[in-house]
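Asks: Data: protein.cif, mmCIF, C-alpha atoms.
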```cif
data_entry
loop_
_atom_site.label_atom_id
_atom_site.label_comp_id
_atom_site.auth_asym_id
_atom_site.auth_seq_id
_atom_site.Cartn_x
_atom_site.Cartn_y
_atom_site.Cartn_z
CA MET A 319 -24.16 -25.13 0.47
CA ALA A 320 -20.49 -25.68 -0.28
CA GLU A 321 -21.58 -28.02 -3.07
CA PHE A 322 -23.83 -25.44 -4.69
CA LEU A 323 -21.16 -22.76 -4.38
CA SER A 324 -18.50 -24.83 -6.11
CA SER A 325 -20.91 -25.19 -9.06
CA SER A 326 -21.50 -21.42 -9.21
CA ALA A 327 -19.16 -19.29 -11.31
CA VAL A 328 -19.92 -15.92 -9.76
CA TRP A 329 -20.35 -16.22 -6.00
CA GLY A 330 -16.79 -15.28 -4.99
CA VAL A 331 -16.80 -11.95 -6.82
CA THR A 332 -20.38 -11.21 -5.71
CA LEU A 333 -19.60 -11.94 -2.06
CA THR A 334 -16.46 -9.80 -2.18
CA ILE A 335 -18.21 -6.78 -3.67
CA GLY A 336 -21.16 -7.21 -1.30
CA ALA A 337 -18.87 -7.38 1.75
CA PHE A 338 -16.95 -4.34 0.54
CA ALA A 339 -20.17 -2.40 -0.08
CA LEU A 340 -21.37 -3.17 3.43
CA GLY A 341 -17.98 -2.08 4.84
CA THR A 342 -18.16 1.17 2.84
CA LEU A 343 -21.67 1.83 4.11
CA ILE A 344 -20.62 1.36 7.75
CA ASN A 345 -17.54 3.51 7.15
CA ARG A 346 -19.69 6.35 5.79
CA LYS A 347 -22.28 6.08 8.54
CA THR A 348 -19.73 6.11 11.37
CA GLY A 349 -16.96 8.17 9.73
CA LYS A 350 -14.40 6.31 11.85
CA ALA A 351 -10.98 5.41 10.42
CA TRP A 352 -10.94 2.03 12.15
CA CYS A 353 -14.16 1.18 10.30
CA ASN A 354 -12.06 0.80 7.16
CA PRO A 355 -14.06 -0.75 4.25
CA LEU A 356 -11.22 -3.13 3.37
CA LEU A 357 -10.80 -4.27 6.97
CA LEU A 358 -14.55 -4.72 7.52
CA GLY A 359 -15.06 -6.32 4.09
CA SER A 360 -12.34 -8.91 4.78
CA LEU A 361 -13.84 -9.66 8.20
CA PHE A 362 -17.31 -10.12 6.68
CA VAL A 363 -15.93 -12.53 4.09
CA ILE A 364 -14.09 -14.53 6.77
CA LEU A 365 -17.20 -14.58 8.96
CA LEU A 366 -19.48 -15.80 6.17
CA LEU A 367 -17.05 -18.47 4.95
CA SER A 368 -16.68 -19.75 8.52
CA LEU A 369 -20.45 -19.79 9.08
CA LEU A 370 -21.15 -21.63 5.82
CA ASP A 371 -18.15 -23.89 6.34
CA VAL A 372 -16.67 -23.05 2.93
CA PRO A 373 -12.89 -23.63 2.68
CA TYR A 374 -10.84 -20.52 1.91
CA PRO A 375 -9.18 -21.95 -1.24
CA GLU A 376 -12.61 -22.39 -2.88
CA TYR A 377 -13.48 -18.76 -2.19
CA LYS A 378 -10.08 -17.63 -3.42
CA ALA A 379 -10.54 -19.53 -6.70
CA SER A 380 -14.01 -18.11 -7.22
CA ALA A 381 -12.84 -14.55 -6.50
CA SER A 382 -9.79 -14.86 -8.78
CA PRO A 383 -11.13 -12.44 -11.45
CA LEU A 384 -10.65 -9.67 -8.85
CA SER A 385 -7.12 -10.79 -8.00
CA TYR A 386 -6.37 -10.81 -11.73
CA LEU A 387 -6.97 -7.05 -11.80
CA LEU A 388 -4.45 -6.37 -9.00
CA LEU A 389 -1.44 -6.16 -11.29
CA PRO A 390 -2.90 -3.66 -13.81
CA ALA A 391 -4.43 -1.67 -10.93
CA THR A 392 -1.08 -1.41 -9.13
CA VAL A 393 0.69 -0.41 -12.35
CA SER A 394 -1.97 2.29 -12.82
CA LEU A 395 -0.75 4.00 -9.63
CA ALA A 396 1.74 5.59 -12.07
CA ILE A 397 -1.10 7.81 -13.34
CA PRO A 398 -1.67 9.87 -10.13
CA LEU A 399 2.11 10.05 -9.77
CA TYR A 400 2.39 11.41 -13.32
CA GLU A 401 -0.35 13.95 -12.65
CA LYS A 402 1.56 15.27 -9.61
CA TRP A 403 4.90 15.44 -11.41
CA GLU A 404 5.16 19.25 -11.31
CA LEU A 405 4.50 19.24 -7.58
CA LEU A 406 7.27 16.68 -7.12
CA LYS A 407 9.73 18.63 -9.29
CA SER A 408 9.20 21.86 -7.37
CA ASN A 409 10.46 20.29 -4.12
CA LEU A 410 12.35 17.30 -5.48
CA ILE A 411 15.28 17.20 -3.03
CA ALA A 412 13.30 17.67 0.19
CA ILE A 413 10.68 15.13 -0.89
CA LEU A 414 13.19 12.47 -1.93
CA VAL A 415 15.41 12.97 1.14
CA GLY A 416 12.35 12.82 3.39
CA ILE A 417 10.86 9.69 1.83
CA LEU A 418 14.24 7.95 1.73
CA SER A 419 14.77 8.68 5.44
CA GLY A 420 11.33 7.23 6.20
CA VAL A 421 11.80 4.10 4.09
CA LEU A 422 15.21 3.43 5.68
CA THR A 423 13.75 3.99 9.17
CA SER A 424 10.93 1.56 8.44
CA LEU A 425 13.10 -1.17 6.92
CA GLY A 426 15.81 -0.67 9.54
CA SER A 427 13.51 -0.85 12.55
CA VAL A 428 11.65 -3.91 11.25
CA THR A 429 14.99 -5.63 10.60
CA MET A 430 16.15 -4.83 14.14
CA LEU A 431 12.83 -6.00 15.54
CA ALA A 432 13.18 -9.28 13.62
CA LEU A 433 16.71 -9.82 14.94
CA LEU A 434 15.73 -8.98 18.55
CA LEU A 435 12.67 -11.24 18.56
CA GLN A 436 14.47 -13.90 16.52
CA LEU A 437 11.80 -14.09 13.83
CA ASP A 438 12.42 -16.50 10.98
CA ALA A 439 13.04 -15.12 7.48
CA ALA A 440 9.46 -15.60 6.25
CA GLN A 441 8.02 -13.79 9.27
CA ALA A 442 10.52 -10.95 9.00
CA VAL A 443 9.98 -10.23 5.28
CA THR A 444 6.23 -10.29 5.92
CA LEU A 445 6.69 -7.23 8.16
CA LEU A 446 9.32 -5.44 6.01
CA PRO A 447 6.89 -3.68 3.62
CA LYS A 448 4.40 -2.75 6.34
CA SER A 449 4.38 0.99 5.64
CA VAL A 450 3.80 0.89 1.88
CA THR A 451 0.56 0.69 -0.06
CA THR A 452 -1.15 -2.70 0.15
CA ALA A 453 -0.76 -3.36 -3.59
CA ILE A 454 3.01 -3.02 -3.60
CA GLY A 455 3.51 -4.29 -0.05
CA MET A 456 1.79 -7.63 -0.56
CA ASP A 457 3.79 -8.12 -3.76
CA ILE A 458 7.06 -7.34 -1.94
CA ALA A 459 6.23 -9.84 0.84
CA ASP A 460 5.34 -12.45 -1.79
CA THR A 461 8.48 -11.88 -3.90
CA LEU A 462 10.74 -12.13 -0.83
CA GLY A 463 9.09 -15.34 0.43
CA GLY A 464 6.82 -13.86 3.12
CA ILE A 465 3.12 -14.42 3.84
CA PRO A 466 1.18 -11.97 1.59
CA SER A 467 -2.19 -12.11 3.38
CA LEU A 468 -0.61 -11.47 6.78
CA ALA A 469 1.43 -8.64 5.22
CA GLY A 470 -1.87 -7.24 3.93
CA ALA A 471 -3.42 -7.31 7.40
CA VAL A 472 -0.38 -5.62 8.99
CA ILE A 473 -0.34 -2.98 6.23
CA ILE A 474 -4.03 -2.15 6.76
CA LEU A 475 -3.53 -1.84 10.53
CA THR A 476 -0.47 0.36 9.94
CA GLY A 477 -2.58 2.65 7.76
CA ILE A 478 -5.28 2.91 10.40
CA THR A 479 -2.68 3.66 13.12
CA GLY A 480 -1.20 6.42 10.95
CA ASN A 481 -4.62 7.84 10.19
CA LEU A 482 -5.59 8.00 13.86
CA THR A 483 -2.31 9.45 15.17
CA ALA A 484 -1.15 11.77 12.35
CA GLN A 485 -2.65 15.00 13.63
CA TRP A 486 -1.45 14.46 17.20
CA LEU A 487 2.04 13.36 16.15
CA CYS A 488 2.58 16.37 13.86
CA ARG A 489 1.62 18.67 16.72
CA VAL A 490 3.81 16.94 19.32
CA LEU A 491 6.84 16.86 17.01
CA ASN A 492 6.20 20.40 15.78
CA ILE A 493 5.90 19.38 12.12
CA THR A 494 4.19 22.51 10.84
CA ASP A 495 5.17 22.56 7.18
CA PRO A 496 2.14 21.18 5.25
CA LEU A 497 4.41 19.59 2.65
CA ALA A 498 6.44 17.79 5.35
CA ARG A 499 3.26 16.63 7.06
CA GLY A 500 1.92 15.12 3.84
CA ILE A 501 5.19 13.36 3.01
CA GLY A 502 5.42 11.96 6.55
CA ILE A 503 1.85 10.69 6.60
CA GLY A 504 2.01 9.12 3.12
CA THR A 505 5.39 7.46 3.70
CA ALA A 506 4.37 5.96 7.05
CA SER A 507 0.74 5.03 6.46
CA HIS A 508 0.00 4.94 2.68
CA ALA A 509 -3.52 5.46 1.30
CA ILE A 510 -5.40 5.01 4.61
CA GLY A 511 -3.23 7.73 6.18
CA THR A 512 -3.70 9.88 3.08
CA ALA A 513 -7.42 10.09 3.88
CA LYS A 514 -6.44 11.98 7.06
CA ALA A 515 -3.88 14.10 5.17
CA LEU A 516 -6.67 15.20 2.82
CA GLU A 517 -8.67 16.34 5.84
CA LEU A 518 -5.70 18.38 7.10
CA GLY A 519 -5.38 20.31 3.85
CA GLU A 520 -4.94 20.29 0.08
CA VAL A 521 -1.12 20.38 0.13
CA GLU A 522 -1.01 17.67 2.80
CA GLY A 523 -3.30 15.43 0.73
CA ALA A 524 -1.47 15.87 -2.56
CA MET A 525 1.94 15.32 -0.94
CA SER A 526 0.73 12.29 0.96
CA SER A 527 -0.57 10.53 -2.15
CA LEU A 528 2.63 11.42 -3.99
CA ALA A 529 4.63 9.87 -1.13
CA VAL A 530 2.55 6.67 -1.21
CA ALA A 531 3.62 5.73 -4.74
CA LEU A 532 7.23 6.90 -4.34
CA ALA A 533 7.74 5.19 -0.98
CA GLY A 534 6.28 2.00 -2.48
CA VAL A 535 8.72 1.99 -5.39
CA ILE A 536 11.75 2.90 -3.23
CA THR A 537 10.83 0.22 -0.67
CA ALA A 538 10.50 -2.40 -3.43
CA PHE A 539 14.11 -1.79 -4.46
CA LEU A 540 15.56 -1.50 -0.92
CA ALA A 541 13.62 -4.27 0.85
CA PRO A 542 15.69 -7.10 -0.77
CA VAL A 543 18.86 -5.47 0.62
CA PHE A 544 17.45 -5.56 4.16
CA ALA A 545 16.08 -9.07 3.64
CA ASN A 546 19.68 -10.16 2.98
CA LEU A 547 20.71 -8.89 6.43
CA LEU A 548 18.38 -11.40 8.04
CA PRO A 549 19.69 -14.80 9.11
CA MET B 1008 -14.26 0.09 -27.09
CA LYS B 1009 -12.09 3.01 -26.00
CA TYR B 1010 -11.84 1.65 -22.45
CA ILE B 1011 -10.86 -1.83 -23.54
CA PHE B 1012 -8.00 -0.37 -25.60
CA GLN B 1013 -6.93 1.69 -22.58
CA PHE B 1014 -7.03 -1.47 -20.49
CA CYS B 1015 -5.01 -3.27 -23.13
CA ARG B 1016 -2.27 -0.60 -23.07
CA ILE B 1017 -2.02 -1.02 -19.30
CA LEU B 1018 -1.88 -4.81 -19.70
CA LEU B 1019 0.92 -4.39 -22.22
CA VAL B 1020 2.91 -2.42 -19.63
CA CYS B 1021 2.15 -5.19 -17.07
CA LEU B 1022 3.50 -7.76 -19.50
CA LEU B 1023 6.74 -5.79 -19.89
CA GLY B 1024 6.92 -5.50 -16.09
CA GLU B 1025 6.56 -9.26 -15.76
CA LEU B 1026 9.25 -9.72 -18.37
CA LEU B 1027 11.64 -7.40 -16.47
CA ALA B 1028 10.91 -9.20 -13.18
CA HIS B 1029 11.68 -12.47 -14.93
CA VAL B 1030 14.90 -11.30 -16.60
CA LEU B 1031 16.47 -8.98 -14.01
CA PRO B 1032 18.16 -10.63 -11.00
CA LEU B 1033 16.55 -8.30 -8.39
CA SER B 1034 13.76 -9.41 -6.06
CA VAL B 1035 11.48 -6.60 -7.20
CA PRO B 1036 7.83 -7.37 -8.00
CA ALA B 1037 6.54 -7.08 -11.59
CA SER B 1038 3.97 -4.52 -10.44
CA VAL B 1039 6.72 -2.08 -9.41
CA TYR B 1040 8.57 -2.45 -12.72
CA GLY B 1041 5.23 -1.91 -14.46
CA LEU B 1042 4.52 1.22 -12.42
CA VAL B 1043 7.91 2.69 -13.28
CA LEU B 1044 7.50 1.73 -16.97
CA LEU B 1045 4.04 3.33 -17.20
CA LEU B 1046 5.35 6.50 -15.55
CA ALA B 1047 8.25 6.55 -18.03
CA ALA B 1048 5.91 5.93 -20.98
CA LEU B 1049 3.76 8.89 -19.90
CA ARG B 1050 6.73 11.16 -19.25
CA LEU B 1051 8.35 10.28 -22.59
CA GLY B 1052 5.08 10.76 -24.45
CA ILE B 1053 4.88 7.14 -25.65
CA PHE B 1054 1.38 7.12 -24.14
CA LYS B 1055 -0.71 10.23 -23.74
CA LEU B 1056 -2.58 10.55 -20.46
CA GLU B 1057 -5.94 10.31 -22.34
CA GLN B 1058 -4.88 6.92 -23.70
CA VAL B 1059 -4.85 5.27 -20.26
CA LYS B 1060 -6.61 7.65 -17.90
CA GLU B 1061 -10.19 6.32 -17.54
CA ALA B 1062 -9.27 2.64 -17.34
CA GLY B 1063 -6.40 3.44 -14.99
CA SER B 1064 -8.50 5.61 -12.69
CA PHE B 1065 -11.18 2.93 -12.58
CA LEU B 1066 -8.58 0.33 -11.59
CA THR B 1067 -6.90 2.45 -8.90
CA GLY B 1068 -10.36 3.39 -7.63
CA ILE B 1069 -11.32 -0.23 -6.97
CA LEU B 1070 -7.92 -1.22 -5.50
CA PRO B 1071 -9.18 -1.67 -1.90
CA LEU B 1072 -11.85 -4.10 -3.14
CA LEU B 1073 -9.23 -6.14 -4.99
CA PHE B 1074 -7.29 -6.85 -1.76
CA ILE B 1075 -10.17 -8.57 0.01
CA PRO B 1076 -9.68 -12.06 -1.49
CA ALA B 1077 -6.03 -12.02 -0.41
CA ALA B 1078 -6.58 -10.34 2.96
CA ALA B 1079 -9.29 -12.89 3.87
CA GLY B 1080 -6.49 -15.47 3.62
CA VAL B 1081 -5.55 -14.69 7.24
CA MET B 1082 -8.45 -17.01 8.20
CA ASP B 1083 -6.19 -19.97 7.38
CA LEU B 1084 -3.26 -18.48 9.31
CA TRP B 1085 -4.37 -18.64 12.96
CA THR B 1086 -1.26 -20.59 14.03
CA GLU B 1087 1.13 -18.17 12.32
CA LEU B 1088 -0.88 -15.28 13.70
CA GLU B 1089 -0.41 -16.38 17.30
CA ALA B 1090 3.38 -16.47 16.97
CA MET B 1091 3.36 -13.13 15.14
CA LEU B 1092 1.08 -11.18 17.46
CA LEU B 1093 3.76 -9.31 19.42
CA PRO B 1094 6.04 -8.53 16.44
CA CYS B 1095 3.02 -7.36 14.43
CA LEU B 1096 1.88 -5.11 17.26
CA ILE B 1097 5.33 -3.51 17.61
CA ALA B 1098 5.68 -3.11 13.85
CA VAL B 1099 2.24 -1.54 13.60
CA VAL B 1100 2.15 1.02 16.40
CA PRO B 1101 5.60 2.30 17.51
CA VAL B 1102 7.36 1.76 14.17
CA THR B 1103 4.63 3.62 12.26
CA LEU B 1104 4.88 6.61 14.61
CA LEU B 1105 8.67 6.56 14.32
CA VAL B 1106 8.56 6.45 10.50
CA MET B 1107 6.04 9.27 10.30
CA GLY B 1108 8.00 11.40 12.77
CA VAL B 1109 11.37 10.87 11.10
CA THR B 1110 10.00 11.46 7.58
CA GLY B 1111 8.14 14.61 8.59
CA ARG B 1112 11.01 16.11 10.57
CA VAL B 1113 13.63 15.31 7.93
CA THR B 1114 11.47 16.72 5.11
CA GLN B 1115 10.80 19.90 7.10
CA LYS B 1116 14.47 20.32 8.04
CA THR B 1117 15.63 19.76 4.45
CA ARG B 1118 13.13 22.29 3.10
CA ARG B 1119 14.31 24.91 5.59
CA MET B 1120 17.94 24.25 4.80
CA LEU B 1121 17.08 24.84 1.14
CA GLY B 1122 15.36 28.07 2.14
CA LYS B 1123 11.80 26.90 1.47
CA GLY B 1124 8.86 26.17 3.70
CA ALA B 1125 9.70 28.84 6.28
CA GLU B 1126 6.46 30.72 5.66
CA ARG B 1127 4.48 28.65 8.15
CA ASP B 1128 7.26 28.30 10.69
CA GLY B 1129 6.45 27.75 14.34
#
```
Represent the structure of the file as structure tokens.
Replies:
Amino acid sequence: MAEFLSSSAVWGVTLTIGAFALGTLINRKTGKAWCNPLLLGSLFVILLLSLLDVPYPEYKASASPLSYLLLPATVSLAIPLYEKWELLKSNLIAILVGILSGVLTSLGSVTMLALLLQLDAAQAVTLLPKSVTTAIGMDIADTLGGIPSLAGAVIILTGITGNLTAQWLCRVLNITDPLARGIGIGTASHAIGTAKALELGEVEGAMSSLAVALAGVITAFLAPVFANLLP
Amino acid sequence: MKYIFQFCRILLVCLLGELLAHVLPLSVPASVYGLVLLLAALRLGIFKLEQVKEAGSFLTGILPLLFIPAAAGVMDLWTELEAMLLPCLIAVVPVTLLVMGVTGRVTQKTRRMLGKGAERDG
């Protein structure tokens, strides 16, 4: 099997899309946040590769056309940000102060966690971008010398945690302003959290997706500063 | 053909982002420079929204799919994963709640100090 696959030019991309489609189907049928298509799709790929005894690097090489699109796709996140520019301008100070406080909280608590648990530098920078969108977060981990695929897994789980707890947390902490809810959800739990924000309301959803891109960019510039604090 | 030209404009911005990441001494990924450059190009009218919109929306729409090849890489990381289990768990659950709480409260407080957002108080 492994021999046939290494002679095929298309199996990696086909398998990836198939696994993702199956994950999407299950997600729609169950409607559960933890049945995230990306999470399930990755698990299906891992399962199949293990069953067929295909080494991961071979799959990665065969799926490289998809990875090639990551850079232009991440850059294209500027488009939704551009489309929400007026919304941003109308509450510029509150939004920027809020997102900055969240980014600093995230980077600060991960840095403290790393120091307390005596993680090495590669482990610590893997966790640093955990709250930002997977596209930017994996790139940050990679640029700072972390483990991108582990960063990806932590980022996905962070998103699911945010999605599942957002409504409860906003109630407990008495965050009633829809704009503040959206900014909080997007800054802490990126696109997966945004799915919940969209359920809460239109303002929540728009603000959350705005916060995803902004928090990603701000984190990219501040994460190296916190990485320097590590031993 | 229209979509391939749109794609090409986005690639051009990526190229500039890669160049900036290469030249500037900051540890910031090329994708982030590219994102900021594309936003600036749209704001300054160098590109019109129609000149990148369809290709860009297609790409952002398939983003989750594009992560699978990288995310599946955890299958080769079992040893690292074992050592990282506790830190990952703490980073995922309590830190996420803390970040969401702080961001939400600070945003709400700031809006009220500026005299906005009081309409749905309580």
Asks: Evaluated on this file, the PyMOL selection byres ((chain B) within 6 of (chain A)) picks out some residues - which ones are they, written as an NGL selection string?
Replies: :B and (1035-1036 or 1038 or 1041-1042 or 1046 or 1063 or 1066-1067 or 1071 or 1073 or 1075-1081 or 1099 or 1103 or 1106-1107 or 1110-1111 or 1113-1115 or 1117-1118)
Asks: With distances taken over all atoms listed in the file, which of A:Ala327, A:Lys402, A:Ala351, A:Thr342 is nearest to Val521 in chain A?
Replies: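 Nearest to Val521 in chain A: A:Lys402.
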Asks: What does the distance between CA of Gln1013 in chain B and CA of Glu1025 in chain B come to in Å, to one decimal place?
Replies: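 The value is 18.7 Å.
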Asks: Using CA of Leu433 in chain A and CA of Ala1037 in chain B as the two end points, give the distance in Å to one decimal.
Replies: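 CA of Leu433 in chain A sits 28.5 Å away from CA of Ala1037 in chain B.
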Asks: Could you check how far CA of Ala1047 in chain B sits from CA of Ile1069 in chain B, in Å to one decimal?
Replies: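 Between CA of Ala1047 in chain B and CA of Ile1069 in chain B the gap works out to 23.5 Å.
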